[in-house]
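Visitor: What follows is run36.cif; its format and atoms are mmCIF, C-alpha atoms.
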data_final
loop_
_atom_site.group_PDB
_atom_site.id
_atom_site.type_symbol
_atom_site.label_atom_id
_atom_site.label_comp_id
_atom_site.auth_asym_id
_atom_site.auth_seq_id
_atom_site.Cartn_x
_atom_site.Cartn_y
_atom_site.Cartn_z
ATOM 1 C CA MET U 731 6.805 -12.211 -11.338
ATOM 2 C CA ALA U 732 10.232 -11.028 -10.171
ATOM 3 C CA GLN U 733 10.856 -9.723 -6.688
ATOM 4 C CA VAL U 734 11.417 -6.004 -6.300
ATOM 5 C CA PHE U 735 13.694 -6.325 -3.244
ATOM 6 C CA THR U 736 15.499 -8.981 -1.251
ATOM 7 C CA VAL U 737 14.352 -8.551 2.349
ATOM 8 C CA GLY U 738 17.075 -9.160 4.928
ATOM 9 C CA SER U 739 15.363 -8.493 8.249
ATOM 10 C CA ILE U 740 12.618 -6.468 9.887
ATOM 11 C CA ASP U 741 13.816 -4.928 13.145
ATOM 12 C CA LYS U 742 11.859 -3.123 15.838
ATOM 13 C CA VAL U 743 13.349 0.228 16.817
ATOM 14 C CA ASN U 744 13.434 1.069 20.517
ATOM 15 C CA ILE U 745 11.996 4.563 20.236
ATOM 16 C CA PRO U 746 10.725 6.259 23.427
ATOM 17 C CA LEU U 747 7.435 4.757 24.562
ATOM 18 C CA ASN U 748 4.581 6.814 23.120
ATOM 19 C CA PRO U 749 1.354 5.200 21.867
ATOM 20 C CA ASN U 750 0.864 8.152 19.492
ATOM 21 C CA ALA U 751 4.354 8.103 17.942
ATOM 22 C CA LYS U 752 4.798 7.993 14.178
ATOM 23 C CA VAL U 753 7.864 7.937 11.921
ATOM 24 C CA ALA U 754 7.943 11.152 9.889
ATOM 25 C CA ALA U 755 11.167 10.453 7.953
ATOM 26 C CA ILE U 756 14.433 8.534 7.877
ATOM 27 C CA SER U 757 17.680 10.292 7.023
ATOM 28 C CA PRO U 758 19.287 9.648 3.608
ATOM 29 C CA GLN U 759 22.222 7.995 5.415
ATOM 30 C CA GLY U 760 19.876 5.831 7.498
ATOM 31 C CA ASP U 761 21.392 6.961 10.808
ATOM 32 C CA TYR U 762 18.377 8.676 12.371
ATOM 33 C CA LEU U 763 14.594 8.774 12.332
ATOM 34 C CA LEU U 764 12.378 11.815 12.634
ATOM 35 C CA LEU U 765 9.441 11.142 14.955
ATOM 36 C CA THR U 766 6.138 12.969 15.289
ATOM 37 C CA ASP U 767 2.719 12.007 16.642
ATOM 38 C CA CYS U 768 -0.401 10.726 14.921
ATOM 39 C CA THR U 769 -1.630 14.314 14.390
ATOM 40 C CA ASN U 770 1.796 15.456 13.046
ATOM 41 C CA LYS U 771 2.366 17.588 16.147
ATOM 42 C CA GLY U 772 5.991 18.011 17.152
ATOM 43 C CA LEU U 773 9.199 16.697 15.606
ATOM 44 C CA ALA U 774 12.135 14.886 17.214
ATOM 45 C CA LYS U 775 15.348 13.324 15.942
ATOM 46 C CA PHE U 776 15.976 9.764 17.148
ATOM 47 C CA ASP U 777 19.587 8.651 16.655
ATOM 48 C CA LEU U 778 19.630 4.991 15.576
ATOM 49 C CA ARG U 779 23.207 4.523 16.847
ATOM 50 C CA THR U 780 22.888 6.055 20.320
ATOM 51 C CA ASN U 781 19.090 5.959 20.873
ATOM 52 C CA ALA U 782 19.337 9.639 21.864
ATOM 53 C CA THR U 783 16.296 11.839 21.183
ATOM 54 C CA THR U 784 16.524 15.548 20.339
ATOM 55 C CA THR U 785 13.433 17.746 20.077
ATOM 56 C CA LEU U 786 13.374 19.913 16.941
ATOM 57 C CA SER U 787 9.903 21.420 17.266
ATOM 58 C CA ASN U 788 6.772 21.231 19.389
ATOM 59 C CA ALA U 789 4.593 22.911 16.761
ATOM 60 C CA GLN U 790 1.466 21.678 15.039
ATOM 61 C CA SER U 791 2.126 20.218 11.547
ATOM 62 C CA ALA U 792 5.875 19.850 12.201
ATOM 63 C CA GLY U 793 5.683 16.176 11.292
ATOM 64 C CA TYR U 794 3.781 16.653 8.034
ATOM 65 C CA ASP U 795 5.714 16.066 4.779
ATOM 66 C CA VAL U 796 9.119 16.617 6.394
ATOM 67 C CA LYS U 797 12.122 16.930 4.071
ATOM 68 C CA ILE U 798 15.798 16.211 4.791
ATOM 69 C CA SER U 799 18.778 17.568 2.846
ATOM 70 C CA GLN U 800 20.856 15.038 0.913
ATOM 71 C CA ASP U 801 23.737 15.254 3.411
ATOM 72 C CA GLY U 802 21.328 14.527 6.283
ATOM 73 C CA GLN U 803 22.308 17.708 8.106
ATOM 74 C CA THR U 804 19.212 19.876 7.640
ATOM 75 C CA VAL U 805 15.559 19.137 8.325
ATOM 76 C CA VAL U 806 12.891 21.281 6.612
ATOM 77 C CA TYR U 807 9.488 21.289 8.266
ATOM 78 C CA ARG U 808 6.292 23.263 8.751
ATOM 79 C CA GLU U 809 5.082 25.036 11.875
ATOM 80 C CA ALA U 810 1.376 25.851 12.054
ATOM 81 C CA THR U 811 -0.073 28.626 14.204
ATOM 82 C CA PHE U 812 -3.575 30.000 14.605
ATOM 83 C CA THR U 813 -4.653 33.626 14.811
ATOM 84 C CA ALA U 814 -7.164 34.955 17.337
ATOM 85 C CA ASP U 815 -9.906 34.432 14.757
ATOM 86 C CA HIS U 816 -8.792 30.789 14.244
ATOM 87 C CA LEU U 817 -7.132 31.260 10.839
ATOM 88 C CA ARG U 818 -4.353 28.732 10.261
ATOM 89 C CA HIS U 819 -0.961 30.002 9.104
ATOM 90 C CA VAL U 820 2.053 27.838 8.251
ATOM 91 C CA ALA U 821 5.714 28.847 8.430
ATOM 92 C CA LEU U 822 8.598 26.865 6.932
ATOM 93 C CA GLN U 823 11.611 26.184 9.133
ATOM 94 C CA ALA U 824 15.035 24.613 8.565
ATOM 95 C CA THR U 825 17.076 23.197 11.457
ATOM 96 C CA ASN U 826 20.627 21.858 11.384
ATOM 97 C CA VAL U 827 20.520 18.592 13.337
ATOM 98 C CA SER U 828 24.212 18.828 14.285
ATOM 99 C CA THR U 829 24.323 22.416 15.591
ATOM 100 C CA GLY U 830 20.657 22.912 16.466
ATOM 101 C CA SER U 831 20.639 26.252 14.645
ATOM 102 C CA SER U 832 17.346 27.098 12.960
ATOM 103 C CA GLN U 833 16.262 29.533 10.263
ATOM 104 C CA GLN U 834 12.837 30.524 9.014
ATOM 105 C CA LEU U 835 12.627 29.934 5.268
ATOM 106 C CA LEU U 836 9.117 31.329 4.913
ATOM 107 C CA ALA U 837 7.150 33.529 7.285
ATOM 108 C CA PRO U 838 3.680 32.314 8.343
ATOM 109 C CA THR U 839 1.355 32.169 5.344
ATOM 110 C CA ARG U 840 -2.043 30.766 4.444
ATOM 111 C CA ASN U 841 -0.894 29.756 0.972
ATOM 112 C CA LEU U 842 1.998 27.276 1.296
ATOM 113 C CA GLN U 843 1.224 24.661 -1.379
ATOM 114 C CA GLY U 844 4.268 22.432 -1.636
ATOM 115 C CA VAL U 845 7.828 21.881 -0.425
ATOM 116 C CA ALA U 846 10.754 20.030 -1.992
ATOM 117 C CA VAL U 847 14.396 19.620 -1.062
ATOM 118 C CA GLU U 848 16.919 19.025 -3.835
ATOM 119 C CA GLY U 849 20.485 18.470 -2.632
ATOM 120 C CA ALA U 850 21.136 21.418 -0.288
ATOM 121 C CA THR U 851 18.300 23.601 -1.587
ATOM 122 C CA ALA U 852 14.776 23.981 -0.231
ATOM 123 C CA ALA U 853 12.173 24.921 -2.832
ATOM 124 C CA PHE U 854 8.669 25.901 -1.830
ATOM 125 C CA VAL U 855 5.553 27.084 -3.613
ATOM 126 C CA ASN U 856 3.606 29.891 -1.932
ATOM 127 C CA LYS U 857 0.653 31.593 -3.630
ATOM 128 C CA GLY U 858 1.589 29.781 -6.840
ATOM 129 C CA LYS U 859 5.129 31.186 -6.912
ATOM 130 C CA MET U 860 8.256 29.156 -6.248
ATOM 131 C CA ARG U 861 11.121 30.352 -4.097
ATOM 132 C CA ALA U 862 14.372 28.551 -3.434
ATOM 133 C CA LYS U 863 16.777 28.952 -0.534
ATOM 134 C CA GLY U 864 20.152 27.319 0.002
ATOM 135 C CA LEU U 865 20.576 25.407 3.259
ATOM 136 C CA ASN U 866 23.590 25.874 5.547
ATOM 137 C CA ALA U 867 24.892 28.793 3.440
ATOM 138 C CA ALA U 868 24.786 26.712 0.250
ATOM 139 C CA LYS U 869 23.838 28.428 -2.988
ATOM 140 C CA ALA U 870 20.243 27.759 -4.058
ATOM 141 C CA ASP U 871 20.130 25.379 -7.028
ATOM 142 C CA VAL U 872 16.895 23.767 -8.242
ATOM 143 C CA SER U 873 16.620 21.895 -11.527
ATOM 144 C CA ALA U 874 13.650 19.573 -10.989
ATOM 145 C CA PRO U 875 10.032 20.764 -11.155
ATOM 146 C CA VAL U 876 8.107 21.015 -7.892
ATOM 147 C CA LEU U 877 4.730 19.293 -7.462
ATOM 148 C CA SER U 878 2.135 20.615 -5.036
ATOM 149 C CA ILE U 879 -1.561 20.361 -4.230
ATOM 150 C CA SER U 880 -4.030 23.246 -4.479
ATOM 151 C CA ASN U 881 -7.772 22.726 -4.022
ATOM 152 C CA ARG U 882 -7.238 18.948 -4.418
ATOM 153 C CA GLN U 883 -5.586 19.488 -7.823
ATOM 154 C CA LEU U 884 -2.048 18.426 -8.712
ATOM 155 C CA MET U 885 0.019 21.488 -9.608
ATOM 156 C CA ILE U 886 3.439 21.705 -11.234
ATOM 157 C CA THR U 887 5.942 24.532 -10.941
ATOM 158 C CA LYS U 888 8.554 24.785 -13.680
ATOM 159 C CA ASN U 889 10.825 27.743 -14.355
ATOM 160 C CA GLY U 890 9.073 29.642 -11.603
ATOM 161 C CA LYS U 891 5.603 29.240 -13.103
ATOM 162 C CA THR U 892 2.835 27.168 -11.511
ATOM 163 C CA SER U 893 0.038 25.560 -13.495
ATOM 164 C CA VAL U 894 -2.542 22.800 -13.113
ATOM 165 C CA PHE U 895 -1.004 19.398 -13.919
ATOM 166 C CA SER U 896 -3.653 16.809 -12.846
ATOM 167 C CA PRO U 897 -2.859 14.143 -15.506
ATOM 168 C CA ASN U 898 -5.952 12.070 -14.631
ATOM 169 C CA GLY U 899 -8.297 15.033 -15.048
ATOM 170 C CA THR U 900 -9.433 17.952 -12.913
ATOM 171 C CA ASP U 901 -12.517 16.048 -11.745
ATOM 172 C CA LYS U 902 -10.236 13.942 -9.501
ATOM 173 C CA SER U 903 -8.642 14.648 -6.108
ATOM 174 C CA TYR U 904 -4.856 14.229 -5.740
ATOM 175 C CA ILE U 905 -2.541 13.565 -2.790
ATOM 176 C CA TRP U 906 0.953 12.181 -1.981
ATOM 177 C CA GLU U 907 2.724 13.852 -4.874
ATOM 178 C CA SER U 908 6.476 13.646 -5.563
ATOM 179 C CA VAL U 909 9.032 13.926 -8.363
ATOM 180 C CA SER U 910 11.388 11.034 -9.165
ATOM 181 C CA PRO U 911 15.028 11.431 -8.081
ATOM 182 C CA ASP U 912 16.120 12.233 -11.651
ATOM 183 C CA GLY U 913 13.325 14.773 -12.089
ATOM 184 C CA SER U 914 11.784 12.991 -15.062
ATOM 185 C CA LYS U 915 8.591 11.475 -13.590
ATOM 186 C CA ALA U 916 5.692 12.361 -11.312
ATOM 187 C CA LEU U 917 4.231 10.021 -8.678
ATOM 188 C CA TYR U 918 0.886 10.673 -7.028
ATOM 189 C CA PHE U 919 -2.275 9.094 -5.622
ATOM 190 C CA VAL U 920 -5.746 9.762 -7.009
ATOM 191 C CA MET U 921 -8.421 9.469 -4.318
ATOM 192 C CA GLY U 922 -10.631 6.465 -5.002
ATOM 193 C CA HIS U 923 -8.511 5.296 -7.941
ATOM 194 C CA GLY U 924 -4.930 4.432 -6.895
ATOM 195 C CA THR U 925 -1.275 5.327 -7.420
ATOM 196 C CA TYR U 926 -0.033 6.577 -10.777
ATOM 197 C CA VAL U 927 3.224 7.548 -12.452
ATOM 198 C CA CYS U 928 3.633 9.690 -15.551
ATOM 199 C CA ASN U 929 6.365 11.618 -17.305
ATOM 200 C CA ILE U 930 6.910 15.132 -16.039
ATOM 201 C CA ASP U 931 5.183 16.465 -19.176
ATOM 202 C CA GLY U 932 2.041 14.433 -18.371
ATOM 203 C CA THR U 933 2.593 11.714 -20.977
ATOM 204 C CA GLY U 934 3.068 7.977 -20.348
ATOM 205 C CA LEU U 935 0.386 7.676 -17.669
ATOM 206 C CA LYS U 936 0.660 4.326 -15.848
ATOM 207 C CA LYS U 937 -1.280 2.939 -12.897
ATOM 208 C CA ILE U 938 1.047 1.325 -10.370
ATOM 209 C CA GLY U 939 -1.668 -0.169 -8.177
ATOM 210 C CA ASN U 940 -3.772 0.673 -5.150
ATOM 211 C CA MET U 941 -0.916 1.250 -2.701
ATOM 212 C CA ARG U 942 -1.242 4.386 -0.607
ATOM 213 C CA ALA U 943 1.326 6.887 0.722
ATOM 214 C CA PRO U 944 3.715 6.026 -2.155
ATOM 215 C CA LYS U 945 7.400 7.042 -2.063
ATOM 216 C CA TRP U 946 10.105 6.861 -4.719
ATOM 217 C CA TRP U 947 12.918 4.423 -3.881
ATOM 218 C CA ASP U 948 14.746 5.067 -7.128
ATOM 219 C CA ASN U 949 13.690 6.152 -10.616
ATOM 220 C CA ASN U 950 12.043 2.772 -11.274
ATOM 221 C CA THR U 951 10.861 1.613 -7.835
ATOM 222 C CA ILE U 952 8.089 2.729 -5.486
ATOM 223 C CA VAL U 953 7.314 1.788 -1.878
ATOM 224 C CA GLY U 954 3.898 2.270 -0.254
ATOM 225 C CA MET U 955 1.313 0.649 1.995
ATOM 226 C CA MET U 956 -1.791 -1.443 1.495
ATOM 227 C CA ASP U 957 -4.068 -0.600 4.395
ATOM 228 C CA TYR U 958 -7.570 -1.801 5.200
ATOM 229 C CA ASP U 959 -10.091 -0.215 7.546
ATOM 230 C CA ASP U 960 -13.635 -0.864 8.732
ATOM 231 C CA GLY U 961 -14.711 2.754 8.412
ATOM 232 C CA GLU U 962 -13.409 3.657 11.854
ATOM 233 C CA ALA U 963 -9.983 2.104 12.355
ATOM 234 C CA VAL U 964 -7.259 0.421 10.291
ATOM 235 C CA TYR U 965 -7.258 -3.307 11.074
ATOM 236 C CA ALA U 966 -4.545 -4.477 8.654
ATOM 237 C CA SER U 967 -1.744 -2.923 6.632
ATOM 238 C CA THR U 968 1.392 -4.136 4.883
ATOM 239 C CA ILE U 969 4.346 -2.373 3.280
ATOM 240 C CA VAL U 970 4.524 -3.088 -0.441
ATOM 241 C CA ALA U 971 6.848 -2.326 -3.338
ATOM 242 C CA ALA U 972 6.366 -2.082 -7.081
ATOM 243 C CA ASP U 973 8.499 -1.194 -10.054
ATOM 244 C CA LEU U 974 7.669 0.375 -13.379
ATOM 245 C CA ASN U 975 8.198 -3.004 -15.085
ATOM 246 C CA GLY U 976 5.047 -4.390 -13.452
ATOM 247 C CA ASN U 977 6.614 -6.346 -10.591
ATOM 248 C CA ASN U 978 4.954 -6.191 -7.159
ATOM 249 C CA GLN U 979 6.005 -7.460 -3.748
ATOM 250 C CA THR U 980 4.642 -7.439 -0.195
ATOM 251 C CA LEU U 981 7.528 -6.710 2.181
ATOM 252 C CA THR U 982 5.890 -7.382 5.586
ATOM 253 C CA ASP U 983 4.020 -10.478 6.723
ATOM 254 C CA GLY U 984 0.949 -8.821 8.221
ATOM 255 C CA SER U 985 1.943 -9.488 11.836
ATOM 256 C CA GLN U 986 2.182 -5.712 12.351
ATOM 257 C CA ILE U 987 -0.172 -3.005 11.085
ATOM 258 C CA ALA U 988 2.639 -1.515 9.015
ATOM 259 C CA MET U 989 1.916 2.011 7.792
ATOM 260 C CA TYR U 990 3.443 5.091 6.161
ATOM 261 C CA PRO U 991 6.816 3.863 4.886
ATOM 262 C CA GLU U 992 9.776 6.233 4.773
ATOM 263 C CA VAL U 993 12.765 5.283 2.646
ATOM 264 C CA SER U 994 16.547 5.579 2.780
ATOM 265 C CA PRO U 995 17.769 3.950 -0.435
ATOM 266 C CA ALA U 996 21.466 4.637 0.197
ATOM 267 C CA SER U 997 21.349 2.634 3.441
ATOM 268 C CA GLY U 998 18.868 0.007 2.229
ATOM 269 C CA LYS U 999 16.317 0.866 4.916
ATOM 270 C CA ILE U 1000 12.552 1.311 4.892
ATOM 271 C CA ALA U 1001 11.101 2.645 8.148
ATOM 272 C CA PHE U 1002 7.439 2.338 9.100
ATOM 273 C CA SER U 1003 5.115 2.902 12.067
ATOM 274 C CA THR U 1004 2.183 1.082 13.618
ATOM 275 C CA PRO U 1005 -0.977 2.634 15.108
ATOM 276 C CA ALA U 1006 0.329 1.483 18.513
ATOM 277 C CA GLY U 1007 3.239 3.937 18.272
ATOM 278 C CA GLU U 1008 5.898 1.379 17.337
ATOM 279 C CA ALA U 1009 8.639 1.864 14.745
ATOM 280 C CA TYR U 1010 10.323 -0.753 12.579
ATOM 281 C CA ILE U 1011 13.015 -0.842 9.898
ATOM 282 C CA ILE U 1012 12.994 -3.225 6.931
ATOM 283 C CA ASN U 1013 16.515 -3.925 5.635
ATOM 284 C CA VAL U 1014 16.471 -4.548 1.885
ATOM 285 C CA THR U 1015 18.791 -4.936 -1.089
ATOM 286 C CA LYS U 1016 18.115 -4.685 -4.817
#
What do you get writing this file as structure tokens?

Guide:
Amino acid sequence: MAQVFTVGSIDKVNIPLNPNAKVAAISPQGDYLLLTDCTNKGLAKFDLRTNATTTLSNAQSAGYDVKISQDGQTVVYREATFTADHLRHVALQATNVSTGSSQQLLAPTRNLQGVAVEGATAAFVNKGKMRAKGLNAAKADVSAPVLSISNRQLMITKNGKTSVFSPNGTDKSYIWESVSPDGSKALYFVMGHGTYVCNIDGTGLKKIGNMRAPKWWDNNTIVGMMDYDDGEAVYASTIVAADLNGNNQTLTDGSQIAMYPEVSPASGKIAFSTPAGEAYIINVTK
């Protein structure tokens, strides 16, 4: 079986000491990490060149499913708040990491289903309807469908209309959904069954394996984790890769509990965290 990547090195990143730290994203250019905590509270930019840390948000959910614009300048993230009667609302924010200026893309809502960033456009599905906003004064331009989760079902929004997608059936629960970079394929995880890819029309269903938290590297390659727990805590986890040709590869040696990979294909970097609050970068080539 052919290798998916050539692994150059695995380097520990000297992020600020925090046993609860977790990598939320790596920029497309590979020059900074976004850090959150194990509950996705708060969001900070960590510059990989200067080691400087800049706080972007202290809000709940800020570290969940963060998106970064293609030029690396704008971070799109959630901010959760709770009403007096304990109802959770989520707003969508965009912050320019160079200027620090922030704009609210969506006012607090109980119905935010999914978020995607394509180029310099943020697209989000709220109450089953998609809206798109240009970032940094750019004109909104969305061509790819947006995947989201509603009541554990995989939804797809095309041409402004949202419908149930769920290629493996509506009796399953879905998570970790994303569209391939060229917009032609869907990637997702089915609880209790594994990671799957299909065409954006639902045809060509293919099981990739049992990796969790899968991410597209390119239109043919996926990176994820293989984690093992005893019912209470994760005791082992490795970062793995697979391609649509059936090749599989384990990228870490098991000496760390390597979890939740974040990818920067243009820079050849895969970032991951450990439950001890450490961050690492795998340098790879294809």

Visitor: Do you have the atom CA of U:Ala972-atom CA of U:Glu992 distance handy?

Guide: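 Atom CA of U:Glu992 lies 14.9 Å from atom CA of U:Ala972.
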
Visitor: Which residues are close to U:Ala837, i.e. within 8 Å by all atoms listed in the file, leaving aside same-chain residues fewer than 5 positions away? Reply as an mmCIF file with C-alpha atoms, keeping the file's coordinate frame.

Guide:
data_model
loop_
_atom_site.group_PDB
_atom_site.id
_atom_site.type_symbol
_atom_site.label_atom_id
_atom_site.label_comp_id
_atom_site.auth_asym_id
_atom_site.auth_seq_id
_atom_site.Cartn_x
_atom_site.Cartn_y
_atom_site.Cartn_z
ATOM 1 C CA VAL U 820 2.053 27.838 8.251
ATOM 2 C CA ALA U 821 5.714 28.847 8.430
ATOM 3 C CA LEU U 822 8.598 26.865 6.932
#

Visitor: Go through U:Gly954, U:Pro838, U:Pro911, U:Gly939 and flag the residue nearest U:Thr982, using only C-alpha atoms for the distances.

Guide: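 Of U:Gly954, U:Pro838, U:Pro911, U:Gly939, the one nearest U:Thr982 is U:Gly954, counting only C-alpha atoms.
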
Visitor: Return as a PyMOL selection string the set of residues that the PyMOL selection byres ((chain U and resi 857) around 8) yields on the displayed structure.

Guide: chain U and resi 841-843+855-856+858-859

Visitor: Any idea what's packed within 8 Å of U:Lys902, counting only C-alpha atoms, ignoring anything in its chain fewer than 6 positions away? Could you give it as a list in words?

Guide: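 After dropping sequence-adjacent residues, the list is Arg882, Gln883, Ser896, Val920 and Met921 of chain U.
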
Visitor: Record the distance separating atom CA of U:Ala810 and atom CA of U:Ser787, expressed in Å with one decimal.

Guide: 10.9 Å

Visitor: Smallest atom-to-atom distance to U:Gly760: which of U:Asn929, U:Gln800, U:Ser910, U:Thr811, using all atoms listed in the file?

Guide: U:Gln800

Visitor: Have a look at U:Thr1015, U:Asn770, U:Thr783, U:Asn826 and name the one nearest to U:Arg808; count only C-alpha atoms.

Guide: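 Under the stated criterion, the closest residue is U:Asn770.
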
Visitor: When you look at U:Ala916 with a cut-off of 6 Å (counting only C-alpha atoms), what residues show up, excluding the ones that are within fewer than 2 positions of it in the same chain? I need them as a PDB file with C-alpha atoms, keeping the file's coordinate frame.

Guide:
ATOM      1  CA  SER U 908       6.476  13.646  -5.563  1.00  0.00           C
ATOM      2  CA  VAL U 909       9.032  13.926  -8.363  1.00  0.00           C
ATOM      3  CA  VAL U 927       3.224   7.548 -12.452  1.00  0.00           C
ATOM      4  CA  CYS U 928       3.633   9.690 -15.551  1.00  0.00           C
ATOM      5  CA  ILE U 930       6.910  15.132 -16.039  1.00  0.00           C
TER       6      ILE U 930
END

Visitor: Please tell me which residues are no farther than 10 Å from (-0.6, 8.8, -13.1) in the file, counting all atoms listed in the file, and write them as a count of residues only.

Guide: 22

Visitor: Name the residues in contact with U:Asp777 at a cut-off of 10 Å, using only C-alpha atoms, excluding same-chain residues fewer than 3 positions from it; report them as a VMD selection string.

Guide: chain U and resid 745 757 760 to 764 774 780 to 784

Visitor: Got a sec: who's within 7 Å of U:Val876, counting all atoms listed in the file, leaving out chain neighbours fewer than 5 positions off, as a PDB file with C-alpha atoms, in the coordinates of the input?

Guide:
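Output file around.pdb is given in full below:
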ATOM      1  CA  ALA U 846      10.754  20.030  -1.992  1.00  0.00           C
ATOM      2  CA  ILE U 886       3.439  21.705 -11.234  1.00  0.00           C
ATOM      3  CA  THR U 887       5.942  24.532 -10.941  1.00  0.00           C
ATOM      4  CA  LYS U 888       8.554  24.785 -13.680  1.00  0.00           C
TER       5      LYS U 888
END

Visitor: So, with all atoms listed in the file as the atoms that count, which of U:Thr851, U:Asn949, U:Asn866, U:Asn788 lies closest to U:Thr825?

Guide: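 The shortest atom-to-atom distance to U:Thr825 comes from U:Asn866.
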
Visitor: Of the residues U:Gly802, U:Gly844, U:Pro991, U:Gly976, which is the one nearest to U:Asn950, using all atoms listed in the file?

Guide: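 So, comparing all the options, the nearest one is U:Gly976.
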
Visitor: Which residues fall under the PyMOL selection byres ((chain U and resi 807) around 7) in this file, as a short mmCIF file (atom, residue, chain, number, x, y, z; two decimals) with C-alpha atoms, keeping the file's coordinate frame?

Guide:
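part27.cif written:
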data_model
loop_
_atom_site.label_atom_id
_atom_site.label_comp_id
_atom_site.auth_asym_id
_atom_site.auth_seq_id
_atom_site.Cartn_x
_atom_site.Cartn_y
_atom_site.Cartn_z
CA ALA U 792 5.88 19.85 12.20
CA VAL U 796 9.12 16.62 6.39
CA LYS U 797 12.12 16.93 4.07
CA VAL U 805 15.56 19.14 8.32
CA VAL U 806 12.89 21.28 6.61
CA ARG U 808 6.29 23.26 8.75
CA GLU U 809 5.08 25.04 11.88
CA LEU U 822 8.60 26.86 6.93
CA GLN U 823 11.61 26.18 9.13
CA ALA U 824 15.04 24.61 8.56
#

Visitor: So how far away is atom CA of U:Gly772 from atom CA of U:Lys752, in Å?

Guide: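 Result for atom CA of U:Lys752 versus atom CA of U:Gly772: 10.5 Å, one decimal.
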
Visitor: Using all atoms listed in the file for the distances, tell me which of U:Val734, U:Leu884, U:Asp741, U:Gly793 is nearest to U:Gln986.

Guide: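 The shortest atom-to-atom distance to U:Gln986 comes from U:Asp741.
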
Visitor: I would like the residues chosen by the PyMOL selection byres ((chain U and resi 849) around 9) on the shown file; could you give them as a list of chain:residue names?

Guide: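 Going through the file, the PyMOL selection byres ((chain U and resi 849) around 9) ends up selecting U:Ser799, U:Gln800, U:Asp801, U:Val847, U:Glu848, U:Ala850, U:Thr851, U:Ala852, U:Asp871, U:Val872.
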